[in-house]
Every structure is written in structure tokens, then in C-alpha cells.
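Engineer: The structure file coords01.csv (CSV, C-alpha atoms (C1' of nucleotides)) is provided below.
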```csv
chain,number,residue,atom,x,y,z
A,16,MET,CA,-40.2,-7.3,10.3
A,17,GLU,CA,-37.1,-8.3,12.3
A,18,PRO,CA,-35.1,-5.6,13.8
A,19,VAL,CA,-31.6,-5.0,12.3
A,20,THR,CA,-29.1,-6.2,14.9
A,21,GLU,CA,-25.4,-7.0,14.7
A,22,ALA,CA,-26.4,-10.6,14.1
A,23,THR,CA,-28.7,-10.0,11.2
A,24,ASP,CA,-27.1,-7.0,9.6
A,25,LEU,CA,-25.4,-8.0,6.4
A,26,LEU,CA,-23.2,-5.0,6.6
A,27,ALA,CA,-22.0,-5.4,10.2
A,28,LEU,CA,-18.3,-4.7,10.2
A,29,ASP,CA,-17.4,-7.6,12.3
A,30,ARG,CA,-19.2,-10.1,10.2
A,31,GLN,CA,-17.2,-9.3,7.0
A,32,VAL,CA,-14.6,-11.8,6.0
A,33,CYS,CA,-12.8,-9.1,4.0
A,34,PHE,CA,-12.5,-7.0,7.1
A,35,ALA,CA,-11.0,-9.9,9.2
A,36,LEU,CA,-8.7,-10.8,6.3
A,37,SER,CA,-7.2,-7.4,5.9
A,38,ILE,CA,-6.7,-6.8,9.6
A,39,ALA,CA,-5.3,-10.3,10.0
A,40,SER,CA,-2.9,-9.8,7.1
A,41,ARG,CA,-1.7,-6.4,8.4
A,42,SER,CA,-1.4,-7.7,12.0
A,43,VAL,CA,0.7,-10.7,11.1
A,44,ILE,CA,2.9,-8.7,8.7
A,45,GLY,CA,3.4,-6.3,11.7
A,46,LEU,CA,4.8,-9.2,13.7
A,47,TYR,CA,7.4,-9.8,11.0
A,48,ARG,CA,8.5,-6.1,10.9
A,49,PRO,CA,10.9,-6.2,13.9
A,50,LEU,CA,12.3,-9.5,12.8
A,51,LEU,CA,13.0,-8.3,9.2
A,52,GLN,CA,14.2,-4.9,10.2
A,53,PRO,CA,17.8,-6.1,11.0
A,54,PHE,CA,18.1,-7.2,7.4
A,55,GLY,CA,16.5,-4.0,6.0
A,56,LEU,CA,13.7,-6.1,4.4
A,57,THR,CA,10.0,-5.3,4.1
A,58,HIS,CA,7.6,-8.2,4.2
A,59,PRO,CA,6.9,-8.3,0.4
A,60,GLN,CA,10.7,-8.2,-0.1
A,61,TYR,CA,11.0,-11.2,2.3
A,62,LEU,CA,8.5,-13.1,0.2
A,63,VAL,CA,10.6,-12.5,-2.9
A,64,MET,CA,13.6,-13.8,-1.1
A,65,LEU,CA,11.6,-16.9,-0.1
A,66,ALA,CA,10.8,-17.5,-3.7
A,67,LEU,CA,14.4,-17.1,-4.8
A,68,TRP,CA,15.7,-19.4,-2.0
A,69,GLN,CA,13.5,-22.0,-3.5
A,70,GLN,CA,14.3,-21.4,-7.2
A,71,GLU,CA,16.8,-19.4,-9.1
A,72,PRO,CA,16.8,-17.6,-11.5
A,73,LEU,CA,13.3,-16.2,-11.7
A,74,SER,CA,11.9,-13.7,-14.1
A,75,VAL,CA,9.6,-10.8,-13.1
A,76,LYS,CA,6.8,-12.7,-14.8
A,77,GLU,CA,7.5,-15.9,-12.8
A,78,LEU,CA,7.8,-13.9,-9.5
A,79,GLY,CA,4.5,-12.2,-10.4
A,80,GLU,CA,2.8,-15.6,-10.8
A,81,LEU,CA,4.2,-17.0,-7.6
A,82,LEU,CA,3.4,-14.0,-5.5
A,83,GLN,CA,0.4,-12.8,-7.4
A,84,LEU,CA,1.9,-9.4,-7.8
A,85,ASP,CA,1.9,-6.9,-10.6
A,86,PRO,CA,5.0,-6.3,-12.7
A,87,GLY,CA,4.5,-2.6,-11.7
A,88,THR,CA,4.9,-3.6,-8.1
A,89,LEU,CA,7.8,-6.0,-8.5
A,90,SER,CA,9.9,-3.8,-10.8
A,91,PRO,CA,10.8,-1.1,-8.2
A,92,LEU,CA,10.8,-3.7,-5.4
A,93,LEU,CA,13.5,-5.7,-7.1
A,94,LYS,CA,15.6,-2.6,-7.7
A,95,ARG,CA,15.5,-2.0,-3.9
A,96,LEU,CA,16.5,-5.6,-3.3
A,97,GLU,CA,19.4,-5.1,-5.7
A,98,ALA,CA,20.4,-1.8,-4.0
A,99,LEU,CA,20.4,-3.8,-0.7
A,100,GLY,CA,22.8,-6.2,-2.2
A,101,TYR,CA,20.7,-9.3,-2.0
A,102,VAL,CA,19.8,-9.9,-5.6
A,103,HIS,CA,21.3,-9.4,-9.0
A,104,ARG,CA,19.2,-8.3,-12.1
A,105,GLU,CA,20.3,-8.9,-15.6
A,106,ARG,CA,18.7,-9.6,-18.9
A,107,ASN,CA,18.2,-13.1,-20.0
A,108,SER,CA,20.6,-13.7,-22.9
A,109,LYS,CA,18.2,-16.1,-24.5
A,110,ASP,CA,15.4,-13.5,-24.4
A,111,GLU,CA,16.5,-10.0,-23.8
A,112,ARG,CA,12.9,-9.0,-22.8
A,113,ALA,CA,13.0,-11.1,-19.7
A,114,LEU,CA,14.9,-10.3,-16.6
A,115,ALA,CA,16.9,-13.0,-14.8
A,116,VAL,CA,16.8,-12.3,-11.0
A,117,THR,CA,19.4,-14.2,-9.1
A,118,LEU,CA,20.7,-14.2,-5.5
A,119,THR,CA,24.0,-12.5,-4.6
A,120,PRO,CA,26.3,-14.3,-2.1
A,121,ALA,CA,24.9,-12.0,0.6
A,122,GLY,CA,21.4,-12.9,-0.5
A,123,ARG,CA,22.2,-16.6,-0.3
A,124,GLN,CA,23.9,-16.2,3.1
A,125,LEU,CA,20.8,-14.5,4.5
A,126,ARG,CA,18.9,-17.7,4.2
A,127,ALA,CA,20.5,-19.2,7.3
A,128,GLU,CA,19.5,-16.2,9.4
A,129,ALA,CA,16.0,-16.3,8.0
A,130,GLU,CA,15.5,-19.8,9.1
A,131,LYS,CA,14.9,-18.4,12.6
A,132,ILE,CA,12.0,-16.2,11.5
A,133,PRO,CA,9.1,-18.7,11.0
A,134,PRO,CA,9.5,-20.4,14.4
A,135,ALA,CA,9.8,-17.0,16.1
A,136,ILE,CA,6.5,-15.9,14.5
A,137,VAL,CA,4.8,-19.1,15.5
A,138,ALA,CA,6.1,-18.7,19.0
A,139,ARG,CA,4.9,-15.1,19.1
A,140,LEU,CA,1.4,-16.1,17.9
A,141,GLY,CA,1.2,-18.7,20.6
A,142,MET,CA,-1.4,-20.6,18.6
A,143,ASP,CA,-1.9,-24.3,18.2
A,144,LEU,CA,0.1,-25.6,15.2
A,145,ASP,CA,-2.9,-27.7,14.1
A,146,GLU,CA,-5.1,-24.6,14.1
A,147,LEU,CA,-2.5,-22.7,12.0
A,148,GLN,CA,-2.3,-25.5,9.5
A,149,ASP,CA,-6.1,-25.6,9.2
A,150,LEU,CA,-6.2,-21.9,8.7
A,151,HIS,CA,-3.5,-22.1,6.1
A,152,ALA,CA,-5.5,-24.8,4.2
A,153,ALA,CA,-8.7,-22.7,4.4
A,154,LEU,CA,-6.8,-19.7,3.1
A,155,MET,CA,-5.5,-21.6,0.1
A,156,ARG,CA,-9.1,-22.8,-0.7
A,157,LEU,CA,-10.2,-19.2,-0.4
A,158,ILE,CA,-7.5,-18.0,-2.7
A,159,ALA,CA,-8.4,-20.7,-5.2
A,160,SER,CA,-12.1,-19.6,-5.0
A,161,ALA,CA,-11.3,-15.9,-5.3
A,162,ARG,CA,-9.1,-16.4,-8.3
A,163,ARG,CA,-11.3,-18.9,-10.2
A,164,ASP,CA,-13.6,-16.2,-11.6
A,165,ALA,CA,-11.3,-13.3,-11.4
B,22,MET,CA,20.5,-35.9,7.7
B,23,GLU,CA,17.1,-35.5,6.1
B,24,PRO,CA,17.0,-33.9,2.7
B,25,VAL,CA,15.4,-30.4,2.5
B,26,THR,CA,12.1,-30.9,0.6
B,27,GLU,CA,9.1,-28.7,0.3
B,28,ALA,CA,7.5,-30.6,3.2
B,29,THR,CA,10.4,-30.1,5.6
B,30,ASP,CA,11.7,-26.7,4.5
B,31,LEU,CA,10.7,-24.1,7.1
B,32,LEU,CA,11.1,-21.4,4.5
B,33,ALA,CA,9.0,-23.0,1.7
B,34,LEU,CA,6.9,-20.2,0.2
B,35,ASP,CA,3.7,-22.2,0.1
B,36,ARG,CA,3.9,-23.2,3.8
B,37,GLN,CA,4.0,-19.7,5.1
B,38,VAL,CA,0.7,-18.5,6.7
B,39,CYS,CA,1.8,-14.9,6.1
B,40,PHE,CA,2.1,-15.6,2.3
B,41,ALA,CA,-1.4,-17.2,2.2
B,42,LEU,CA,-2.8,-14.3,4.2
B,43,SER,CA,-1.5,-11.5,2.1
B,44,ILE,CA,-2.5,-13.2,-1.2
B,45,ALA,CA,-5.9,-14.1,0.2
B,46,SER,CA,-6.4,-10.5,1.4
B,47,ARG,CA,-5.4,-9.0,-1.9
B,48,SER,CA,-7.4,-11.6,-3.9
B,49,VAL,CA,-10.6,-11.0,-2.0
B,50,ILE,CA,-10.2,-7.2,-2.1
B,51,GLY,CA,-9.8,-7.6,-5.8
B,52,LEU,CA,-13.3,-9.2,-5.9
B,53,TYR,CA,-14.7,-6.1,-4.3
B,54,ARG,CA,-13.1,-3.7,-6.8
B,55,PRO,CA,-15.6,-4.0,-9.6
B,56,LEU,CA,-18.5,-3.8,-7.1
B,57,LEU,CA,-17.2,-0.7,-5.4
B,58,GLN,CA,-16.1,1.1,-8.5
B,59,PRO,CA,-19.6,2.4,-9.4
B,60,PHE,CA,-19.6,4.3,-6.1
B,61,GLY,CA,-16.0,5.5,-6.5
B,62,LEU,CA,-15.0,3.7,-3.4
B,63,THR,CA,-11.8,1.8,-2.6
B,64,HIS,CA,-12.0,-1.2,-0.2
B,65,PRO,CA,-10.5,0.7,2.8
B,66,GLN,CA,-13.0,3.5,2.2
B,67,TYR,CA,-15.8,0.9,2.1
B,68,LEU,CA,-14.7,-0.4,5.5
B,69,VAL,CA,-14.9,3.2,6.9
B,70,MET,CA,-18.4,3.4,5.4
B,71,LEU,CA,-19.4,0.1,7.1
B,72,ALA,CA,-18.2,1.5,10.4
B,73,LEU,CA,-20.1,4.7,10.0
B,74,TRP,CA,-23.3,2.9,9.0
B,75,GLN,CA,-23.1,1.2,12.3
B,76,GLN,CA,-22.3,4.2,14.4
B,77,GLU,CA,-22.1,7.9,14.0
B,78,PRO,CA,-20.3,10.2,14.6
B,79,LEU,CA,-16.9,8.6,14.9
B,80,SER,CA,-13.6,10.3,15.6
B,81,VAL,CA,-10.4,9.4,13.7
B,82,LYS,CA,-9.2,7.7,16.9
B,83,GLU,CA,-12.3,5.6,17.1
B,84,LEU,CA,-12.1,4.6,13.5
B,85,GLY,CA,-8.5,3.8,14.0
B,86,GLU,CA,-9.4,1.4,16.8
B,87,LEU,CA,-12.2,-0.2,14.9
B,88,LEU,CA,-10.2,-0.7,11.7
B,89,GLN,CA,-6.7,-1.0,13.2
B,90,LEU,CA,-5.5,1.8,11.1
B,91,ASP,CA,-3.0,4.6,11.6
B,92,PRO,CA,-4.3,8.2,11.9
B,93,GLY,CA,-1.8,8.9,9.2
B,94,THR,CA,-3.7,6.5,6.9
B,95,LEU,CA,-7.2,7.6,7.9
B,96,SER,CA,-6.6,11.4,7.7
B,97,PRO,CA,-6.2,11.6,3.9
B,98,LEU,CA,-8.7,8.7,3.3
B,99,LEU,CA,-11.4,10.7,5.1
B,100,LYS,CA,-10.7,13.8,3.1
B,101,ARG,CA,-11.2,11.7,-0.1
B,102,LEU,CA,-14.5,10.4,1.3
B,103,GLU,CA,-15.5,14.0,2.0
B,104,ALA,CA,-14.5,15.0,-1.5
B,105,LEU,CA,-16.7,12.2,-2.8
B,106,GLY,CA,-19.6,13.6,-0.8
B,107,TYR,CA,-20.2,10.7,1.5
B,108,VAL,CA,-19.0,12.0,4.8
B,109,HIS,CA,-18.7,15.3,6.6
B,110,ARG,CA,-15.8,16.2,8.8
B,111,GLU,CA,-16.0,18.8,11.6
B,112,ARG,CA,-14.3,19.4,14.8
B,113,ASN,CA,-16.0,18.2,18.0
B,114,SER,CA,-17.3,21.2,19.8
B,115,LYS,CA,-16.7,19.6,23.2
B,116,ASP,CA,-13.0,18.8,22.2
B,117,GLU,CA,-11.6,20.8,19.4
B,118,ARG,CA,-8.8,18.3,19.0
B,119,ALA,CA,-11.1,15.5,17.9
B,120,LEU,CA,-12.8,15.2,14.6
B,121,ALA,CA,-16.5,14.2,14.3
B,122,VAL,CA,-17.0,12.2,11.1
B,123,THR,CA,-20.6,11.9,10.1
B,124,LEU,CA,-22.5,10.7,7.0
B,125,THR,CA,-23.9,13.0,4.5
B,126,PRO,CA,-27.4,12.2,3.1
B,127,ALA,CA,-25.6,10.7,0.0
B,128,GLY,CA,-23.5,8.6,2.3
B,129,ARG,CA,-26.6,7.4,4.2
B,130,GLN,CA,-28.4,6.5,1.0
B,131,LEU,CA,-25.4,4.5,-0.2
B,132,ARG,CA,-26.2,1.9,2.4
B,133,ALA,CA,-29.2,0.5,0.6
B,134,GLU,CA,-27.0,-0.1,-2.5
B,135,ALA,CA,-24.2,-1.6,-0.5
B,136,GLU,CA,-26.5,-4.2,1.0
B,137,LYS,CA,-26.1,-6.0,-2.3
B,138,ILE,CA,-22.4,-6.3,-2.0
B,139,PRO,CA,-21.8,-9.0,0.6
B,140,PRO,CA,-24.2,-11.5,-1.0
B,141,ALA,CA,-22.6,-10.8,-4.4
B,142,ILE,CA,-19.1,-11.5,-3.0
B,143,VAL,CA,-20.3,-14.8,-1.3
B,144,ALA,CA,-21.9,-15.9,-4.6
B,145,ARG,CA,-18.7,-15.1,-6.5
B,146,LEU,CA,-16.6,-17.0,-4.0
B,147,GLY,CA,-18.9,-19.9,-4.4
B,148,MET,CA,-17.8,-21.3,-1.1
B,149,ASP,CA,-19.7,-23.1,1.6
B,150,LEU,CA,-21.2,-20.6,4.1
B,151,ASP,CA,-20.1,-22.8,7.0
B,152,GLU,CA,-16.6,-22.9,5.8
B,153,LEU,CA,-16.6,-19.1,5.4
B,154,GLN,CA,-17.8,-18.7,9.0
B,155,ASP,CA,-15.2,-21.1,10.3
B,156,LEU,CA,-12.5,-19.1,8.4
B,157,HIS,CA,-13.9,-15.9,9.8
B,158,ALA,CA,-13.7,-17.3,13.4
B,159,ALA,CA,-10.2,-18.6,12.8
B,160,LEU,CA,-9.1,-15.2,11.4
B,161,MET,CA,-10.5,-13.4,14.5
B,162,ARG,CA,-8.6,-15.8,16.8
B,163,LEU,CA,-5.4,-15.1,14.7
B,164,ILE,CA,-6.0,-11.3,15.0
B,165,ALA,CA,-6.4,-11.7,18.8
B,166,SER,CA,-3.2,-13.7,19.0
B,167,ALA,CA,-1.2,-11.4,16.8
B,168,ARG,CA,-2.3,-8.3,18.7
B,169,ARG,CA,-1.8,-9.8,22.1
B,170,ASP,CA,2.0,-9.2,22.3
B,171,ALA,CA,2.2,-6.4,19.7
C,23,DG,C1',12.7,-10.2,-45.3
C,24,DG,C1',9.4,-7.1,-43.4
C,25,DC,C1',4.9,-5.9,-41.2
C,26,DT,C1',1.9,-7.0,-37.3
C,27,DA,C1',0.8,-8.7,-33.0
C,28,DT,C1',2.3,-10.4,-28.7
C,29,DT,C1',5.1,-10.4,-24.6
C,30,DA,C1',8.3,-8.7,-20.7
C,31,DG,C1',9.5,-4.9,-18.1
C,32,DT,C1',9.4,0.0,-16.9
C,33,DT,C1',7.1,4.3,-15.8
C,34,DT,C1',3.4,7.3,-14.2
C,35,DG,C1',-0.4,8.3,-11.3
C,36,DT,C1',-3.5,7.4,-7.4
C,37,DA,C1',-4.4,5.3,-3.0
C,38,DC,C1',-3.2,2.8,1.0
C,39,DA,C1',0.0,1.6,5.2
C,40,DC,C1',3.0,3.1,8.6
C,41,DA,C1',6.9,5.5,11.0
C,42,DA,C1',8.2,9.9,12.6
C,43,DA,C1',7.9,14.8,13.1
C,44,DG,C1',4.9,18.6,13.7
C,45,DT,C1',0.7,21.4,15.5
C,46,DA,C1',-2.9,22.7,18.2
C,47,DA,C1',-6.1,21.7,22.0
C,48,DG,C1',-6.7,19.9,26.5
C,49,DT,C1',-5.0,18.3,31.2
C,50,DT,C1',-2.1,18.1,35.2
C,51,DA,C1',0.9,19.7,38.6
C,52,DC,C1',2.6,23.2,41.1
D,15,DG,C1',-2.2,30.9,36.3
D,16,DT,C1',1.2,28.8,33.8
D,17,DA,C1',4.7,25.4,32.5
D,18,DA,C1',5.0,20.6,31.3
D,19,DC,C1',2.8,16.8,29.6
D,20,DT,C1',-0.6,14.3,27.0
D,21,DT,C1',-3.8,13.7,23.3
D,22,DA,C1',-5.9,14.1,18.5
D,23,DC,C1',-5.0,14.9,14.3
D,24,DT,C1',-2.0,16.4,10.2
D,25,DT,C1',2.0,16.2,7.4
D,26,DT,C1',6.1,14.1,5.3
D,27,DG,C1',8.7,10.4,3.6
D,28,DT,C1',9.3,5.5,2.1
D,29,DG,C1',7.3,1.4,0.3
D,30,DT,C1',3.8,-1.4,-1.5
D,31,DA,C1',-0.4,-2.3,-4.8
D,32,DC,C1',-2.5,-1.8,-9.1
D,33,DA,C1',-4.3,0.4,-13.5
D,34,DA,C1',-2.8,2.4,-17.7
D,35,DA,C1',0.5,4.1,-20.9
D,36,DC,C1',5.0,3.2,-22.8
D,37,DT,C1',9.3,0.8,-24.7
D,38,DA,C1',11.9,-2.8,-26.5
D,39,DA,C1',12.4,-7.5,-27.9
D,40,DT,C1',10.4,-11.6,-30.0
D,41,DA,C1',7.1,-14.5,-32.7
D,42,DG,C1',3.9,-15.1,-36.5
D,43,DC,C1',2.4,-14.4,-41.0
D,44,DC,C1',2.6,-13.2,-45.8
```
Could you render the structure as C-alpha cells?
Structural biologist:
Amino acid sequence: MEPVTEATDLLALDRQVCFALSIASRSVIGLYRPLLQPFGLTHPQYLVMLALWQQEPLSVKELGELLQLDPGTLSPLLKRLEALGYVHRERNSKDERALAVTLTPAGRQLRAEAEKIPPAIVARLGMDLDELQDLHAALMRLIASARRDA
Amino acid sequence: MEPVTEATDLLALDRQVCFALSIASRSVIGLYRPLLQPFGLTHPQYLVMLALWQQEPLSVKELGELLQLDPGTLSPLLKRLEALGYVHRERNSKDERALAVTLTPAGRQLRAEAEKIPPAIVARLGMDLDELQDLHAALMRLIASARRDA
DNA sequence: GGCTATTAGTTTGTACACAAAGTAAGTTAC
DNA sequence: GTAACTTACTTTGTGTACAAACTAATAGCC
């Protein structure tokens, strides 16, 4: 019988993709923190702003599909974005169940400032752009695989 | 001036690596949930168990370095693992500041059951093993890049 | 029309994640 | 030997994440 080494151990910490994923996610989000802090935004809030800069208005349901987030997560998050003055929340007049989340002028203005963030992150990472794009594509395939049976 | 399209927009949601990373991380952790539930474990708790199955005892500081987690996160997490009966916490007699976290017999026994988890996840993902290994390597390079200047 | 089922959001409870302040044990400098 | 500093962990406060229960509005069905 083979000895259990780091190379053969199924449970070796540094062979787990889930371990690499969660640390990578937290590490990269950590790079955003100082860049988002001047705007009072957290990273999930920044993702909501990205979604709204692309399309407006969006309902909680639509945001949840875009960001793969629970309504129970988005509901208080959107209230904080409203308190910050970046978004406006009102009921859809066509369907009073749905919320229409829109940008305020301040939220729209923020976009110009935010344009500086992605290049700053890429610069800080100091990684090859090709490698980042490959990684992005691999992550999208992983997401598709993970959500297929879930 | 070029029109801003999805391909040229720096802020397009689906071009952000951070967006792919956070969704991939949450999606994969979601796959673990039903497999860990029978043991009463969450995914971060599972990672702590992986670390302890490799080496014992570990201090909060050592666990924090391995898992890149704050002591403020680990402290209550370890108490829950102790309440579950999987680990034991006691002060290091050589240095009463440090905690010596060790496995209980139940925690040690859990390892055999846990061996089934990684293959089950890989099967559920239904992805090429080579591609998963490439992704793992790319994530480790990303982690190294992200932590270099942080 | 009115009953039932569905849908969209909100609320509650538990568990991370992390910053910041607090506590106790150990180390250093003198 | 003790004051000052450092280290290891705990606690507190804010903000996700997500399950589960709840509320209100709409759609379907008879």
C-alpha cells in the first residue's frame, strides 16, 4: 500500500479547488477594498452598481439572477445603497410586487470614477492579461458546470 | 469615438474577474453544502478540519495563516467545531497565549467519511480533471499575485 | 367574482468575514 | 525587577450569504 503523502492524499488542503477558490475570491476582493472605500462601497455593492450601469431599472429578482444572489441578501444591501444615495427603490407601477431599482444622479456620476478601478486592479495584480482572460474563461466554465446540476 | 459595447466597456459585469471569482466560489461551496450537512459542517469549518487532518495541533495563528482567515473569524468558528464535538481547544502549556486546537476521536473518525467528498464534487462538476488542475494552478498564481502587494 | 396557487420582496436566524478595540501572557530594555 | 512593547486570542460592530417563514400582489381557475 502506497503511503499517504501530500501528492496522493485526496484531502490535502492545497489540492482542493474549493480552497483555492475561496482564498482567491477573498484575496481579490481585498484588493478592491481600499479602492472602493472612498465611495463607501463594499464589493457586493460595487457589483450591483456594475449591473445597474449596464441596465436600468432592475428588479430584485433580475439582480438576483445576474449576481446569483438571494433576495434575502439583496434586500438589505439595496437599502444601504439607497441610504448612500446611489440608487432609488420604488415599486413597479405595472406590478406592485416588483421593485424598480434605478440610479440616482450621484449613482450615475460614480461611473466615471469607477472606470479607474479595473485597470488599477489589473496593475496591482501584475499578471499577464492573457492569463487573466484564460482564468476568467475557466471560471465561467466552472460556474456553468457547478450550476448545471444545482 | 468607438461606441461603448460589452466588448469594450471596462465595467461590463461579465468581464470582471472578481465577479466570476465570487460567483464561482459561492457556486462551488454550494455543491459542498448537501455533502457537509450530514456532518453538521459548513464549508469554512470543513477547511479547518482538512487543515487539522494534515497537522495537529494547530494554533489559531497557524490556522489563520493556512486558511488566510482573521482570528476574529476563526475564534467563534472553532468554538462551534468544539460544540459539535470534532475538536478540542486548550491553552498551550508552553505559551498560555496560544491555543492548541486538536481533533477529538470523533473528529479523527470523520476523516474516513470525508474521503468521499472530493470525488463526489469532481463527479458533480463533470469537468475534465486536467482542466480542474489547470484552474487550480491558475488560482494559486492569482492568490500569490494578489497577496504580494497586499 | 371569488378561491387558490404563484410570485416578488421582506424579515428572522445562523454563520462567515473583517476591522477595531480589548485582554492577558510573554518579551525586551533599562 | 519592572515599565513598555509585542503577541495571541477574544469581543464587538457592520455587512454579506443563505435557509425558512412571512406578507402582499398578481394570475389562474371555476
Engineer: Rounded to one decimal, what separation in Å do you get between CA of Ala159 (chain A) and CA of Met148 (chain B)?
Structural biologist: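 Atom-to-atom, CA of Ala159 (chain A) and CA of Met148 (chain B) are spaced 10.3 Å apart.
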Engineer: Which residue is closest to His109 (chain B)? Choose from B:Gln37, B:Thr123, B:Ser96, B:Ser46 and count all atoms listed in the file.
Structural biologist: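 Looking only at the distances to His109 (chain B), the closest residue turns out to be B:Thr123.
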Engineer: Give the answer as one residue: which of A:Leu114, A:Ala39, A:Leu144, A:Cys33 has the shortest atom-to-atom distance to chain C, using all atoms listed in the file?
Structural biologist: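 Answer, going by the shortest atom-to-atom distance: A:Leu114.
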Engineer: If we count only C-alpha atoms (C1' of nucleotides) and set the cut-off at 10 Å, which residues sit around region 100-105 of chain B, ignoring sequence neighbours fewer than 4 positions away in its own chain? Please answer as a PDB file with C-alpha atoms (C1' of nucleotides), keeping the file's coordinate frame.
Structural biologist:
```pdb
ATOM      1  CA  PHE B  60     -19.600   4.300  -6.100  1.00  0.00           C
ATOM      2  CA  GLY B  61     -16.000   5.500  -6.500  1.00  0.00           C
ATOM      3  CA  LEU B  62     -15.000   3.700  -3.400  1.00  0.00           C
ATOM      4  CA  THR B  63     -11.800   1.800  -2.600  1.00  0.00           C
ATOM      5  CA  GLN B  66     -13.000   3.500   2.200  1.00  0.00           C
ATOM      6  CA  TYR B  67     -15.800   0.900   2.100  1.00  0.00           C
ATOM      7  CA  VAL B  69     -14.900   3.200   6.900  1.00  0.00           C
ATOM      8  CA  MET B  70     -18.400   3.400   5.400  1.00  0.00           C
ATOM      9  CA  LEU B  95      -7.200   7.600   7.900  1.00  0.00           C
ATOM     10  CA  SER B  96      -6.600  11.400   7.700  1.00  0.00           C
ATOM     11  CA  HIS B 109     -18.700  15.300   6.600  1.00  0.00           C
ATOM     12  CA  ARG B 110     -15.800  16.200   8.800  1.00  0.00           C
ATOM     13  CA  VAL B 122     -17.000  12.200  11.100  1.00  0.00           C
ATOM     14  CA  THR B 123     -20.600  11.900  10.100  1.00  0.00           C
ATOM     15  CA  LEU B 124     -22.500  10.700   7.000  1.00  0.00           C
ATOM     16  CA  THR B 125     -23.900  13.000   4.500  1.00  0.00           C
ATOM     17  CA  ALA B 127     -25.600  10.700   0.000  1.00  0.00           C
ATOM     18  CA  GLY B 128     -23.500   8.600   2.300  1.00  0.00           C
TER      19      GLY B 128
ATOM     20  C1'  DA C  37      -4.400   5.300  -3.000  1.00  0.00           C
TER      21       DA C  37
END
```
Engineer: Could you work out which residues of chain C fall inside 10 Å of chain B? Count all atoms listed in the file, and format the result as a VMD selection string.
Structural biologist: chain C and resid 37 to 41 46 to 48
Engineer: Could you work out how far CA of Leu87 (chain B) lies from C1' of DT30 (chain D), giving the answer in Å with one decimal?
Structural biologist: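 A separation of 22.9 Å between them.
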Engineer: One number please: CA of Ile158 (chain A) to C1' of DA34 (chain D), in Å, one decimal.
Structural biologist: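 Here the two named atoms are 25.8 Å from each other.
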Engineer: Check every residue of chain D for an atom within 9 Å of chain B, counting only C-alpha atoms (C1' of nucleotides), and provide those that qualify as a ChimeraX atom specification.
Structural biologist: /D:21-25,31
Engineer: Selection from above, C-alpha atoms (C1' of nucleotides), as a CSV table (one decimal), keeping the file's coordinate frame, can you write it?
Structural biologist:
```
chain,number,residue,atom,x,y,z
D,21,DT,C1',-3.8,13.7,23.3
D,22,DA,C1',-5.9,14.1,18.5
D,23,DC,C1',-5.0,14.9,14.3
D,24,DT,C1',-2.0,16.4,10.2
D,25,DT,C1',2.0,16.2,7.4
D,31,DA,C1',-0.4,-2.3,-4.8
```
Engineer: Out of B:Ile142, B:Leu56, B:Leu160, B:Leu131, which residue has the shortest atom-to-atom distance to chain A when counting all atoms listed in the file?
Structural biologist: B:Leu160
Engineer: Report as a PyMOL selection string the set of chain B residues whose atoms approach chain A to within 8 Å, with distances computed over only C-alpha atoms.
Structural biologist: chain B and resi 31-34+36-46+48-50+52+68+71-72+75+88-89+135-136+139+145-148+153+156-157+159-161+163-164+166-168+170-171
Engineer: Which polymer residues have any atom within 12 Å of an atom of DG24 (chain C), counting only C-alpha atoms (C1' of nucleotides), with same-chain residues fewer than 2 positions away left out, as a list in words?
Structural biologist: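 In the requested form, the answer reads DT26 of chain C; DG42, DC43 and DC44 of chain D.
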Engineer: Using only C-alpha atoms (C1' of nucleotides), pick whichever of C:DT34, C:DT50, C:DA42, C:DT29 has the shortest atom-to-atom distance to DC36 (chain D).
Structural biologist: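 Distance minimum relative to DC36 (chain D) lands on C:DT34.
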Engineer: Quick one: everything within 10 Å of DT37 (chain D), counting only C-alpha atoms (C1' of nucleotides), minus sequence neighbours fewer than 5 positions away in the same chain. Send it as a PyMOL selection string.
Structural biologist: chain C and resi 31-33
Engineer: Please output region 128-140 of chain B, rebuilt to include N, CA and C atoms, as an mmCIF file, in the frame of the given file.
Structural biologist:
```
data_model
loop_
_atom_site.group_PDB
_atom_site.id
_atom_site.type_symbol
_atom_site.label_atom_id
_atom_site.label_comp_id
_atom_site.auth_asym_id
_atom_site.auth_seq_id
_atom_site.Cartn_x
_atom_site.Cartn_y
_atom_site.Cartn_z
ATOM 1 N N GLY B 128 -24.176 9.681 1.695
ATOM 2 C CA GLY B 128 -23.500 8.600 2.300
ATOM 3 C C GLY B 128 -24.487 7.633 2.998
ATOM 4 N N ARG B 129 -25.553 8.196 3.550
ATOM 5 C CA ARG B 129 -26.600 7.400 4.200
ATOM 6 C C ARG B 129 -27.350 6.575 3.164
ATOM 7 N N GLN B 130 -27.622 7.218 2.038
ATOM 8 C CA GLN B 130 -28.400 6.500 1.000
ATOM 9 C C GLN B 130 -27.609 5.377 0.365
ATOM 10 N N LEU B 131 -26.285 5.521 0.364
ATOM 11 C CA LEU B 131 -25.400 4.500 -0.200
ATOM 12 C C LEU B 131 -25.640 3.135 0.415
ATOM 13 N N ARG B 132 -26.071 3.170 1.660
ATOM 14 C CA ARG B 132 -26.200 1.900 2.400
ATOM 15 C C ARG B 132 -27.106 0.914 1.737
ATOM 16 N N ALA B 133 -28.209 1.382 1.214
ATOM 17 C CA ALA B 133 -29.200 0.500 0.600
ATOM 18 C C ALA B 133 -28.512 -0.241 -0.614
ATOM 19 N N GLU B 134 -27.729 0.522 -1.379
ATOM 20 C CA GLU B 134 -27.000 -0.100 -2.500
ATOM 21 C C GLU B 134 -25.991 -1.087 -2.049
ATOM 22 N N ALA B 135 -25.317 -0.726 -0.959
ATOM 23 C CA ALA B 135 -24.200 -1.600 -0.500
ATOM 24 C C ALA B 135 -24.697 -2.891 0.069
ATOM 25 N N GLU B 136 -25.966 -2.949 0.440
ATOM 26 C CA GLU B 136 -26.500 -4.200 1.000
ATOM 27 C C GLU B 136 -26.346 -5.349 -0.029
ATOM 28 N N LYS B 137 -26.236 -4.986 -1.305
ATOM 29 C CA LYS B 137 -26.100 -6.000 -2.300
ATOM 30 C C LYS B 137 -24.711 -6.612 -2.414
ATOM 31 N N ILE B 138 -23.754 -5.901 -1.833
ATOM 32 C CA ILE B 138 -22.400 -6.300 -2.000
ATOM 33 C C ILE B 138 -22.002 -7.620 -1.326
ATOM 34 N N PRO B 139 -22.253 -7.754 -0.014
ATOM 35 C CA PRO B 139 -21.800 -9.000 0.600
ATOM 36 C C PRO B 139 -22.400 -10.263 -0.011
ATOM 37 N N PRO B 140 -23.705 -10.311 -0.344
ATOM 38 C CA PRO B 140 -24.200 -11.500 -1.000
ATOM 39 C C PRO B 140 -23.522 -11.773 -2.356
#
```
